[in-house]
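Student: Hey, dropping data.txt in here, compact mmCIF, C-alpha atoms and all ligand atoms:
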```txt
# COMPACT_ATOMS: atom_id res chain seq x y z
CA MET A 116 -78.42 -51.89 44.50
CA LYS A 117 -80.77 -53.45 42.05
CA ASP A 118 -83.86 -52.19 43.83
CA ASP A 119 -82.61 -48.61 44.09
CA LYS A 120 -85.07 -47.43 41.46
CA ASP A 121 -87.90 -48.12 43.88
CA MET A 122 -86.36 -45.95 46.55
CA LYS A 123 -85.89 -42.94 44.34
CA SER A 124 -87.98 -39.85 44.75
CA ILE A 125 -87.37 -38.61 41.22
CA SER A 126 -90.36 -38.18 38.97
CA PRO A 127 -91.02 -40.22 35.80
CA ALA A 128 -90.08 -38.42 32.57
CA ARG A 129 -92.65 -35.98 31.24
CA ASP A 130 -92.78 -33.83 28.13
CA GLY A 131 -91.83 -30.20 28.20
CA ALA A 132 -89.22 -27.99 29.78
CA VAL A 133 -88.59 -25.07 32.11
CA PHE A 134 -86.46 -22.09 31.07
CA ILE A 135 -84.57 -20.62 34.03
CA ASN A 136 -84.43 -16.89 33.47
CA SER A 137 -82.83 -14.17 35.52
CA ASP A 138 -82.91 -10.47 34.71
CA ARG A 139 -80.35 -9.95 37.44
CA LEU A 140 -77.86 -12.47 35.99
CA GLY A 141 -78.26 -11.02 32.52
CA GLY A 142 -77.49 -7.56 33.86
CA TYR A 143 -73.91 -8.20 35.04
CA SER A 144 -70.80 -7.39 33.01
CA PHE A 145 -67.31 -8.87 33.51
CA SER A 146 -65.60 -5.93 31.80
CA PRO A 147 -66.30 -4.09 28.54
CA GLU A 148 -63.68 -6.05 26.54
CA HIS A 149 -64.30 -9.44 28.12
CA PRO A 150 -65.52 -12.14 25.68
CA PHE A 151 -67.94 -13.61 28.24
CA ARG A 152 -71.12 -11.54 28.13
CA PRO A 153 -73.86 -12.43 30.62
CA GLU A 154 -76.35 -10.35 28.61
CA ARG A 155 -76.67 -13.31 26.22
CA VAL A 156 -79.12 -14.77 28.77
CA LYS A 157 -81.48 -11.91 27.99
CA MET A 158 -80.87 -12.26 24.28
CA VAL A 159 -81.72 -15.98 24.26
CA HIS A 160 -84.83 -15.37 26.34
CA GLU A 161 -85.92 -12.62 23.95
CA MET A 162 -85.29 -14.73 20.88
CA CYS A 163 -87.31 -17.64 22.30
CA GLU A 164 -90.12 -15.28 23.19
CA ARG A 165 -90.07 -13.68 19.77
CA ARG A 166 -90.30 -17.11 18.17
CA GLY A 167 -93.24 -18.08 20.37
CA LEU A 168 -91.33 -20.86 22.11
CA PHE A 169 -92.76 -20.29 25.59
CA SER A 170 -96.33 -21.21 24.68
CA GLY A 171 -97.98 -24.50 25.57
CA ASN A 172 -98.97 -26.25 28.79
CA SER A 173 -95.76 -28.19 29.29
CA VAL A 174 -93.47 -25.18 28.95
CA ARG A 175 -92.80 -22.34 31.34
CA VAL A 176 -90.26 -19.71 32.34
CA GLU A 177 -89.10 -19.58 35.93
CA GLN A 178 -87.46 -16.45 37.25
CA VAL A 179 -84.52 -16.78 39.68
CA GLU A 180 -83.46 -13.51 41.30
CA GLU A 181 -82.64 -14.46 44.92
CA ILE A 182 -79.49 -16.26 46.03
CA GLU A 183 -80.00 -19.48 48.00
CA ASP A 184 -77.44 -19.62 50.80
CA GLY A 185 -75.32 -22.66 51.63
CA LEU A 186 -74.82 -24.02 48.11
CA LEU A 187 -71.26 -22.89 47.30
CA GLU A 188 -69.96 -24.71 50.40
CA ARG A 189 -70.92 -28.01 48.86
CA PHE A 190 -67.88 -27.82 46.56
CA HIS A 191 -65.76 -24.76 47.28
CA THR A 192 -63.48 -24.11 50.23
CA LYS A 193 -64.49 -21.56 52.85
CA GLU A 194 -61.29 -19.62 52.22
CA TYR A 195 -62.08 -19.26 48.52
CA ILE A 196 -65.72 -18.32 49.13
CA ASP A 197 -64.63 -15.61 51.57
CA LEU A 198 -62.12 -14.23 49.05
CA LEU A 199 -64.76 -14.13 46.33
CA ARG A 200 -67.16 -12.32 48.66
CA ASP A 201 -64.44 -9.77 49.53
CA ALA A 202 -63.61 -9.30 45.85
CA GLY A 203 -67.23 -8.56 44.98
CA SER A 204 -67.60 -5.98 47.71
CA GLY A 205 -64.60 -3.90 46.71
CA GLY A 206 -61.78 -5.61 48.61
CA ASP A 207 -58.25 -4.91 47.35
CA ILE A 208 -56.82 -7.33 44.84
CA GLY A 209 -53.90 -8.93 46.63
CA VAL A 210 -51.48 -11.74 45.98
CA GLU A 211 -53.85 -14.15 47.67
CA MET A 212 -56.69 -13.35 45.30
CA LEU A 213 -54.39 -13.71 42.30
CA TYR A 214 -53.21 -17.04 43.66
CA HIS A 215 -56.84 -18.17 43.60
CA GLY A 216 -57.32 -16.97 40.02
CA LEU A 217 -59.19 -13.79 40.94
CA GLY A 218 -58.44 -10.38 39.49
CA THR A 219 -56.79 -11.58 36.28
CA MET A 220 -57.69 -10.59 32.69
CA GLU A 221 -59.40 -13.97 32.42
CA ASN A 222 -61.38 -13.78 35.66
CA PRO A 223 -61.70 -10.08 36.41
CA ILE A 224 -63.18 -8.82 39.61
CA PHE A 225 -66.28 -6.76 39.07
CA ARG A 226 -68.77 -5.33 41.49
CA ASP A 227 -70.99 -8.07 42.91
CA VAL A 228 -68.98 -10.87 41.27
CA TYR A 229 -69.89 -13.01 44.29
CA ASP A 230 -73.60 -12.40 43.71
CA PHE A 231 -73.26 -13.23 40.01
CA ALA A 232 -71.51 -16.52 40.85
CA ALA A 233 -73.81 -17.51 43.71
CA LEU A 234 -76.94 -16.68 41.69
CA SER A 235 -75.77 -18.78 38.73
CA VAL A 236 -75.39 -21.72 41.13
CA THR A 237 -78.85 -21.09 42.58
CA ALA A 238 -80.29 -21.11 39.05
CA SER A 239 -78.61 -24.42 38.15
CA VAL A 240 -79.71 -26.06 41.42
CA ARG A 241 -83.26 -24.85 40.77
CA GLY A 242 -83.02 -26.52 37.36
CA ALA A 243 -81.76 -29.73 38.96
CA ARG A 244 -84.75 -29.85 41.33
CA ILE A 245 -87.18 -29.23 38.48
CA VAL A 246 -85.77 -32.10 36.42
CA ALA A 247 -85.77 -34.48 39.40
CA GLU A 248 -89.14 -33.52 40.83
CA GLU A 249 -91.13 -32.83 37.65
CA GLY A 250 -89.40 -35.16 35.19
CA ARG A 251 -89.16 -32.33 32.65
CA CYS A 252 -86.06 -30.81 31.11
CA ALA A 253 -84.66 -27.53 32.40
CA PHE A 254 -82.30 -25.02 30.82
CA ASN A 255 -80.22 -22.45 32.69
CA PRO A 256 -78.43 -20.42 30.02
CA CYS A 257 -76.35 -18.67 32.69
CA GLY A 258 -74.69 -21.84 33.95
CA GLY A 259 -72.16 -24.40 32.80
CA PHE A 260 -69.07 -22.91 34.46
CA HIS A 261 -67.03 -26.09 34.03
CA HIS A 262 -63.51 -24.73 34.67
CA ALA A 263 -64.01 -23.53 38.25
CA HIS A 264 -61.94 -25.50 40.76
CA ARG A 265 -62.58 -26.07 44.44
CA ASP A 266 -60.43 -23.11 45.49
CA ARG A 267 -59.62 -21.33 42.24
CA ALA A 268 -61.33 -19.37 39.47
CA SER A 269 -60.34 -20.38 35.95
CA GLY A 270 -61.40 -19.79 32.35
CA PHE A 271 -64.15 -17.20 33.05
CA CYS A 272 -65.58 -19.51 35.76
CA TYR A 273 -65.71 -18.37 39.40
CA VAL A 274 -67.79 -21.16 40.89
CA ASN A 275 -68.75 -24.56 39.55
CA ASP A 276 -72.54 -24.59 39.28
CA ILE A 277 -72.36 -27.94 37.46
CA VAL A 278 -70.69 -29.85 40.28
CA ILE A 279 -73.17 -28.41 42.77
CA ALA A 280 -76.18 -29.19 40.55
CA ILE A 281 -74.96 -32.77 40.14
CA ASP A 282 -74.54 -32.99 43.91
CA GLU A 283 -78.15 -31.85 44.31
CA LEU A 284 -79.36 -34.51 41.88
CA LEU A 285 -77.41 -37.20 43.74
CA ARG A 286 -78.97 -36.06 47.02
CA LEU A 287 -82.37 -36.40 45.38
CA GLY A 288 -81.55 -40.01 44.51
CA ALA A 289 -80.88 -39.70 40.77
CA ARG A 290 -78.31 -41.63 38.79
CA VAL A 291 -76.46 -38.90 36.90
CA ALA A 292 -74.28 -38.69 33.82
CA TYR A 293 -72.56 -35.48 32.77
CA LEU A 294 -72.04 -34.66 29.11
CA ASP A 295 -69.93 -31.66 28.08
CA VAL A 296 -70.04 -30.55 24.43
CA ASP A 297 -68.26 -27.22 24.98
CA ALA A 298 -65.13 -26.68 22.86
CA HIS A 299 -63.06 -26.61 26.05
CA HIS A 300 -62.43 -29.62 28.26
CA GLY A 301 -64.60 -29.66 31.41
CA ASP A 302 -61.64 -29.92 33.77
CA GLY A 303 -63.33 -28.68 36.97
CA VAL A 304 -66.12 -31.25 36.71
CA GLN A 305 -63.70 -34.05 35.81
CA GLU A 306 -61.65 -33.20 38.89
CA ALA A 307 -64.67 -33.29 41.20
CA PHE A 308 -65.88 -36.75 40.16
CA TYR A 309 -62.68 -38.39 38.91
CA ASP A 310 -62.66 -41.09 41.60
CA ASP A 311 -66.42 -41.57 41.72
CA PRO A 312 -67.88 -44.45 39.67
CA GLY A 313 -71.36 -43.23 40.65
CA VAL A 314 -71.24 -40.36 38.14
CA MET A 315 -70.26 -40.79 34.50
CA ILE A 316 -68.36 -37.86 32.99
CA VAL A 317 -68.11 -37.50 29.20
CA SER A 318 -66.43 -34.53 27.53
CA LEU A 319 -66.08 -33.86 23.78
CA HIS A 320 -63.74 -30.95 23.19
CA GLU A 321 -60.97 -29.47 21.09
CA SER A 322 -57.73 -31.23 22.00
CA GLY A 323 -55.70 -29.86 24.89
CA LYS A 324 -52.78 -29.75 22.46
CA THR A 325 -54.29 -26.66 20.84
CA LEU A 326 -56.72 -25.21 23.40
CA PHE A 327 -57.13 -24.19 27.03
CA PRO A 328 -57.20 -25.84 29.60
CA TRP A 329 -54.50 -27.92 27.92
CA GLY A 330 -55.74 -31.28 29.24
CA GLY A 331 -58.63 -33.71 28.81
CA PHE A 332 -56.74 -36.44 27.00
CA GLU A 333 -58.22 -39.87 26.41
CA LYS A 334 -55.88 -41.54 28.88
CA GLU A 335 -57.53 -39.60 31.73
CA SER A 336 -60.20 -42.25 32.16
CA GLY A 337 -61.03 -42.21 35.88
CA GLY A 338 -59.28 -42.76 39.21
CA GLN A 339 -58.79 -46.01 41.04
CA GLY A 340 -62.10 -47.81 41.36
CA ALA A 341 -63.67 -45.50 38.76
CA GLU A 342 -61.75 -46.59 35.66
CA GLY A 343 -63.79 -46.08 32.52
CA PHE A 344 -66.24 -43.61 34.09
CA ASN A 345 -64.37 -40.52 32.87
CA ILE A 346 -64.43 -40.39 29.09
CA ASN A 347 -62.50 -37.71 27.21
CA ILE A 348 -62.95 -37.28 23.47
CA PRO A 349 -60.34 -34.76 22.30
CA MET A 350 -61.07 -33.49 18.79
CA LEU A 351 -58.66 -32.04 16.24
CA SER A 352 -58.83 -28.50 14.90
CA ASP A 353 -61.26 -28.24 11.95
CA THR A 354 -63.53 -30.94 13.35
CA ASP A 355 -66.80 -30.62 11.45
CA ASP A 356 -70.37 -31.79 12.10
CA GLU A 357 -69.88 -35.14 10.36
CA THR A 358 -66.86 -36.01 12.48
CA PHE A 359 -68.50 -34.79 15.67
CA LEU A 360 -71.64 -36.84 14.99
CA PHE A 361 -69.56 -39.93 14.21
CA LEU A 362 -67.89 -39.62 17.63
CA PHE A 363 -71.20 -38.85 19.32
CA ARG A 364 -72.90 -41.95 17.91
CA SER A 365 -69.89 -44.24 18.29
CA ILE A 366 -68.78 -43.27 21.81
CA VAL A 367 -71.10 -40.90 23.66
CA LEU A 368 -74.45 -42.64 23.14
CA PRO A 369 -73.11 -46.19 23.69
CA ALA A 370 -71.30 -45.11 26.87
CA LEU A 371 -74.38 -43.37 28.25
CA ASN A 372 -76.53 -46.37 27.34
CA LEU A 373 -74.23 -48.68 29.29
CA PHE A 374 -74.30 -46.35 32.30
CA SER A 375 -78.07 -45.86 32.05
CA PRO A 376 -78.51 -42.54 33.89
CA ASP A 377 -81.88 -41.21 35.08
CA ILE A 378 -80.79 -37.66 34.29
CA VAL A 379 -78.17 -36.23 31.95
CA VAL A 380 -76.57 -32.92 32.91
CA LEU A 381 -75.53 -31.26 29.66
CA GLN A 382 -72.98 -28.47 29.43
CA ALA A 383 -74.26 -27.03 26.18
CA GLY A 384 -71.45 -24.68 25.11
CA THR A 385 -71.63 -23.39 21.54
CA ASP A 386 -67.99 -22.36 21.14
CA THR A 387 -67.47 -25.40 18.89
CA PHE A 388 -69.03 -23.43 16.02
CA ALA A 389 -66.79 -22.38 13.13
CA THR A 390 -67.55 -18.71 13.79
CA ASP A 391 -66.35 -18.77 17.39
CA PRO A 392 -63.42 -16.37 17.87
CA LEU A 393 -61.69 -18.36 20.64
CA THR A 394 -61.55 -21.91 19.24
CA HIS A 395 -60.51 -23.83 16.11
CA LEU A 396 -63.35 -26.24 15.41
CA LYS A 397 -65.57 -26.09 12.35
CA MET A 398 -68.97 -27.15 13.56
CA THR A 399 -72.36 -25.57 12.87
CA ASN A 400 -75.55 -25.57 14.88
CA ASN A 401 -76.82 -28.41 12.62
CA GLY A 402 -74.44 -30.99 14.08
CA TYR A 403 -74.93 -29.53 17.55
CA ILE A 404 -78.70 -29.84 17.52
CA GLU A 405 -78.72 -33.23 15.81
CA ALA A 406 -76.53 -34.61 18.59
CA ILE A 407 -78.69 -33.07 21.31
CA GLY A 408 -81.83 -34.34 19.58
CA SER A 409 -80.54 -37.92 19.63
CA LEU A 410 -79.49 -37.50 23.27
CA HIS A 411 -82.95 -36.22 24.16
CA ALA A 412 -84.65 -39.11 22.36
CA ALA A 413 -82.63 -41.60 24.43
CA PHE A 414 -82.61 -39.68 27.74
CA PRO A 415 -85.73 -37.56 28.18
CA ARG A 416 -84.66 -35.88 31.44
CA ILE A 417 -81.95 -33.34 30.65
CA LEU A 418 -80.62 -30.47 32.74
CA ALA A 419 -78.95 -28.16 30.22
CA LEU A 420 -76.51 -25.54 31.48
CA GLY A 421 -75.17 -22.83 29.18
CA GLY A 422 -71.39 -22.80 28.91
CA GLY A 423 -69.10 -21.14 26.38
CA GLY A 424 -69.89 -19.34 23.15
CA TYR A 425 -68.34 -16.04 22.12
CA ASN A 426 -70.03 -15.14 18.86
CA MET A 427 -73.17 -13.63 20.36
CA ALA A 428 -75.50 -14.05 17.38
CA ASP A 429 -74.53 -17.70 16.98
CA VAL A 430 -74.84 -18.46 20.69
CA VAL A 431 -78.35 -17.05 20.63
CA ARG A 432 -79.40 -19.04 17.55
CA GLY A 433 -77.81 -22.25 18.91
CA TRP A 434 -79.48 -21.98 22.29
CA THR A 435 -82.84 -21.07 20.78
CA LEU A 436 -82.62 -24.32 18.81
CA LEU A 437 -81.58 -26.13 22.00
CA TRP A 438 -84.57 -24.74 23.88
CA ALA A 439 -86.98 -25.73 21.10
CA GLU A 440 -85.58 -29.28 21.21
CA LEU A 441 -85.84 -29.61 25.00
CA ALA A 442 -89.30 -28.07 25.10
CA GLY A 443 -90.51 -30.20 22.21
CA VAL A 444 -91.75 -27.14 20.35
CA GLU A 445 -91.85 -27.17 16.58
CA LEU A 446 -89.84 -24.33 15.03
CA ASP A 447 -91.27 -22.61 12.00
CA SER A 448 -88.77 -22.31 9.25
CA GLY A 449 -88.31 -18.77 8.12
CA TYR A 450 -88.87 -15.61 10.07
CA GLY A 451 -91.39 -15.93 12.86
CA GLY A 452 -90.66 -12.84 14.86
CA ALA A 453 -92.36 -9.59 15.76
CA LEU A 454 -95.30 -11.32 17.42
CA GLY A 455 -98.32 -9.11 17.69
CA GLY A 456 -96.36 -6.35 16.03
CA VAL A 457 -94.08 -5.97 19.06
CA LEU A 458 -90.45 -6.10 18.09
CA LEU A 459 -88.36 -7.28 21.01
CA GLY A 460 -84.71 -6.54 21.53
CA ASP A 461 -82.03 -6.45 18.90
CA ALA A 462 -83.53 -7.50 15.58
CA SER A 463 -80.15 -7.63 13.91
CA ILE A 464 -79.42 -11.11 15.24
CA ASP A 465 -82.65 -12.56 13.89
CA GLY A 466 -81.92 -13.84 10.40
CA SER A 467 -84.36 -15.56 8.09
CA ASP A 468 -83.55 -18.93 9.65
CA LEU A 469 -82.00 -20.13 12.89
CA ARG A 470 -80.07 -22.87 11.11
CA ASP A 471 -76.51 -22.39 9.89
CA MET A 472 -75.37 -23.27 6.40
CA GLN A 473 -73.80 -26.73 6.18
CA LEU A 474 -70.03 -26.73 6.45
CA TYR A 475 -67.62 -29.56 5.72
CA THR A 476 -63.90 -30.01 6.18
CA THR A 477 -62.37 -31.55 3.03
CA GLY A 478 -59.12 -32.91 1.62
CA PRO A 479 -56.16 -33.97 3.75
CA ALA A 480 -57.59 -32.24 6.82
CA LYS A 481 -60.71 -34.42 6.58
CA GLU A 482 -58.57 -37.51 6.18
CA ALA A 483 -56.72 -36.58 9.38
CA LEU A 484 -60.06 -36.14 11.18
CA ARG A 485 -61.19 -39.56 9.99
CA LYS A 486 -58.05 -41.32 11.19
CA HIS A 487 -58.05 -39.58 14.54
CA SER A 488 -61.70 -40.26 15.27
CA GLU A 489 -61.46 -43.90 14.20
CA SER A 490 -58.58 -44.39 16.61
CA LEU A 491 -60.63 -42.80 19.42
CA VAL A 492 -63.53 -45.15 18.70
CA ALA A 493 -61.21 -48.20 18.55
CA ARG A 494 -59.75 -47.23 21.91
CA PHE A 495 -63.22 -46.84 23.41
CA GLU A 496 -64.28 -50.26 22.12
CA LYS A 497 -61.16 -52.00 23.35
CA GLU A 498 -60.42 -50.30 26.66
CA ILE A 499 -63.44 -48.44 28.01
CA LYS A 500 -66.46 -50.48 26.95
CA PRO A 501 -65.29 -53.69 28.70
CA LEU A 502 -64.84 -51.74 31.96
CA LEU A 503 -68.33 -50.27 31.71
CA ARG A 504 -69.85 -53.66 30.84
CA LYS A 505 -68.14 -55.25 33.82
CA SER A 506 -69.22 -52.64 36.31
CA GLY A 507 -72.67 -52.38 34.74
CA SER A 508 -73.49 -56.01 35.46
CA ALA A 509 -71.93 -55.87 38.95
CA GLY A 510 -73.03 -52.45 40.09
CA ARG A 511 -76.68 -52.22 39.18
ZN ZN A 601 -65.66 -23.23 26.11
```
Represent the structure from my file as structure tokens, please.
Ligand SMILES: [Zn+2]

Tutor:
Amino acid sequence: MKDDKDMKSISPARDGAVFINSDRLGGYSFSPEHPFRPERVKMVHEMCERRGLFSGNSVRVEQVEEIEDGLLERFHTKEYIDLLRDAGSGGDIGVEMLYHGLGTMENPIFRDVYDFAALSVTASVRGARIVAEEGRCAFNPCGGFHHAHRDRASGFCYVNDIVIAIDELLRLGARVAYLDVDAHHGDGVQEAFYDDPGVMIVSLHESGKTLFPWGGFEKESGGQGAEGFNINIPMLSDTDDETFLFLFRSIVLPALNLFSPDIVVLQAGTDTFATDPLTHLKMTNNGYIEAIGSLHAAFPRILALGGGGYNMADVVRGWTLLWAELAGVELDSGYGGALGGVLLGDASIDGSDLRDMQLYTTGPAKEALRKHSESLVARFEKEIKPLLRKSGSAGR
């Protein structure tokens, strides 16, 4: 195994990034009341354009509007794919669809739902190829559907673009780690690679005691032969930036360093922010972007896939910051919009600055955060690190 680097076809790391855009993906709608709004793809693209973040030689936008066939089969069952196709073309919602999670309030059936799902997978796989072949970062804001199971829709996720993008990277010869910073546990991805020591899975999320999908506890640390390669970091309600960054520096970065991936696949959900209507964490985009900045400094090849985020204005600001970080573009502080006098899109979400105000949890709640996170770090040091060290020296 130790010569595997020489056999890889992946490109050396290079500066810059590719933004995967899709007018078609941004045009779908789950239902008028549904919290997941695909139009945010358009809004992020517009905000980045308005801020001048697509200029420079090492940065470009790639449009994905055509579905690549044969990708869903890499993870999902034929039965489920057929049901999804039927659902999208007006088939009746029956017991079988409901059994597979389709046609619920959570995962409504809408016209062309199959196309939406298949195109999001195509976009993430395109991103995977770009990162492997060019050595640059890529960002697909309409990806990161981490709850989708092999034969079941769940948590607004119909198909698991992440699992399929990781599969593509493995086929291209990359060593891959997956990092999930969404407020919800990445259960579908955990399930797919639970017994595989070849892929490291790390998820920071609000504890399953208070949030869907009600799992992702620290004791779920990998199947037989893969112990230590699945790392769950469940966080308490009111977790703030300081606490998140403490966990990120004490567990996430050391674990990734021991695994030493060529490429990190990042589920970049922003529903950890204090303003998110579906979750109970208290983060801001400051902690979010500081963590991603330190990840990027250590691992230059990142495939970022959107994920959750249900306060539209804050999703857009968070992902604009994310794009600037991946692309290596300096952000002007203050308002930099209306380039050339052309005002693009909805100006109401463009404040004077993209950064949030700082926010801290205090008092007894902060004390509880400190105790909880210290116990998570102690557990990592004692039980997980030795496993990774052992397999690191033997496996590579
Ligand atoms: Zn989420």

Student: Env of Gly331 (chain A): 7 Å cut, atoms = only C-alpha atoms, seq-sep filter 6 positions within chain, self excluded. Answer as a list in words.

Tutor: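 Once the adjacent positions are removed, what remains is His300, Asp302, Gly323, Asn347 and Pro349 of chain A.
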
Student: Suppose you want the space between CA of Gly301 (chain A) and CA of Leu393 (chain A); what is it in Å?

Tutor: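 Going from CA of Gly301 (chain A) over to CA of Leu393 (chain A) covers 15.9 Å.
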
Student: Once 5 Å is added on each side, what centre and edge lengths in Å to one decimal does the axis-aligned box around all listed atoms of region 492-503 of chain A have, as lines of an AutoDock Vina configuration file?

Tutor:
```
center_x = -64.0
center_y = -49.4
center_z = 25.3
size_x = 18.6
size_y = 18.5
size_z = 23.4
```

Student: If I take CA of Gly384 (chain A) and CA of His320 (chain A), how far is one from the other in Å, to one decimal?

Tutor: 10.1 Å

Student: CA of Gly330 (chain A) to CA of Ala202 (chain A): how many Å, to one decimal?

Tutor: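 A separation of 28.7 Å between them.
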
Student: Please find the residues contacting ligand ZN 601 (chain A) at a distance of at most 8 Å between atoms, with only C-alpha atoms and all ligand atoms counted, and report them as a CSV table (one decimal) with C-alpha atoms, in the coordinates of the input.

Tutor:
```csv
chain,number,residue,atom,x,y,z
A,297,ASP,CA,-68.3,-27.2,25.0
A,298,ALA,CA,-65.1,-26.7,22.9
A,299,HIS,CA,-63.1,-26.6,26.0
A,300,HIS,CA,-62.4,-29.6,28.3
A,384,GLY,CA,-71.4,-24.7,25.1
A,385,THR,CA,-71.6,-23.4,21.5
A,386,ASP,CA,-68.0,-22.4,21.1
A,387,THR,CA,-67.5,-25.4,18.9
A,422,GLY,CA,-71.4,-22.8,28.9
A,423,GLY,CA,-69.1,-21.1,26.4
A,424,GLY,CA,-69.9,-19.3,23.2
```

Student: For Leu371 (chain A), which residue among A:Arg265, A:His149, A:Lys500, A:His487 is the nearest when counting all atoms listed in the file?

Tutor: A:Lys500

Student: Looking at all atoms listed in the file, which of A:Met427, A:Met315, A:Leu187, A:Ala493 is the one that sits closest to Phe151 (chain A)?

Tutor: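 Smallest separation from Phe151 (chain A) among the options: A:Met427.
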
Student: Find the residues around region 243-248 of chain A up to 6 Å (only C-alpha atoms counted), leave out those fewer than 5 positions away in its own chain, and share them as a count of residues only.

Tutor: 3

Student: Quick one: residues within 12 Å of (-72.0, -41.3, 14.5) (file frame), counting all atoms listed in the file, please, as a ChimeraX atom specification.

Tutor: /A:356-369,402,405-406,409,485,488-489,492

Student: For Tyr273 (chain A), which residue out of A:Leu198, A:Ile404, A:Leu446, A:Ile348 is the nearest one, using only C-alpha atoms?

Tutor: A:Leu198

Student: Find, counting all atoms listed in the file, the residue in A:Ser173, A:Gln178, A:Asn372, A:Gln473 that gets nearest to Arg251 (chain A).

Tutor: A:Ser173

Student: Missing atoms in region 402-407 of chain A: fill them in up to all heavy atoms and send the result as a short mmCIF file (atom, residue, chain, number, x, y, z; two decimals), keeping the file's coordinate frame.

Tutor:
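The result, stored in rebuild35.cif:
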```
data_model
loop_
_atom_site.label_atom_id
_atom_site.label_comp_id
_atom_site.auth_asym_id
_atom_site.auth_seq_id
_atom_site.Cartn_x
_atom_site.Cartn_y
_atom_site.Cartn_z
N GLY A 402 -75.01 -29.82 13.40
CA GLY A 402 -74.44 -30.99 14.08
C GLY A 402 -74.75 -30.95 15.57
O GLY A 402 -75.07 -31.97 16.19
N TYR A 403 -74.66 -29.75 16.12
CA TYR A 403 -74.93 -29.53 17.55
C TYR A 403 -76.34 -30.01 17.90
O TYR A 403 -76.54 -30.79 18.83
CB TYR A 403 -74.76 -28.04 17.81
CG TYR A 403 -75.13 -27.51 19.17
CD1 TYR A 403 -74.24 -27.61 20.24
CD2 TYR A 403 -76.34 -26.85 19.38
CE1 TYR A 403 -74.55 -27.07 21.48
CE2 TYR A 403 -76.67 -26.32 20.61
CZ TYR A 403 -75.77 -26.43 21.66
OH TYR A 403 -76.09 -25.89 22.88
N ILE A 404 -77.32 -29.55 17.13
CA ILE A 404 -78.70 -29.84 17.52
C ILE A 404 -79.09 -31.27 17.15
O ILE A 404 -79.92 -31.90 17.81
CB ILE A 404 -79.67 -28.78 16.92
CG1 ILE A 404 -80.86 -28.60 17.86
CG2 ILE A 404 -80.11 -29.09 15.52
CD1 ILE A 404 -80.52 -28.06 19.23
N GLU A 405 -78.44 -31.82 16.12
CA GLU A 405 -78.72 -33.23 15.81
C GLU A 405 -78.24 -34.13 16.94
O GLU A 405 -78.91 -35.08 17.34
CB GLU A 405 -78.06 -33.62 14.49
CG GLU A 405 -78.52 -35.00 14.07
CD GLU A 405 -78.19 -35.32 12.61
OE1 GLU A 405 -78.08 -34.39 11.80
OE2 GLU A 405 -78.07 -36.52 12.33
N ALA A 406 -77.06 -33.82 17.47
CA ALA A 406 -76.53 -34.61 18.59
C ALA A 406 -77.45 -34.49 19.80
O ALA A 406 -77.81 -35.49 20.44
CB ALA A 406 -75.12 -34.13 18.94
N ILE A 407 -77.85 -33.27 20.13
CA ILE A 407 -78.69 -33.07 21.31
C ILE A 407 -80.07 -33.71 21.10
O ILE A 407 -80.64 -34.27 22.04
CB ILE A 407 -78.77 -31.57 21.66
CG1 ILE A 407 -77.40 -31.11 22.17
CG2 ILE A 407 -79.85 -31.30 22.71
CD1 ILE A 407 -77.23 -29.63 22.34
#
```
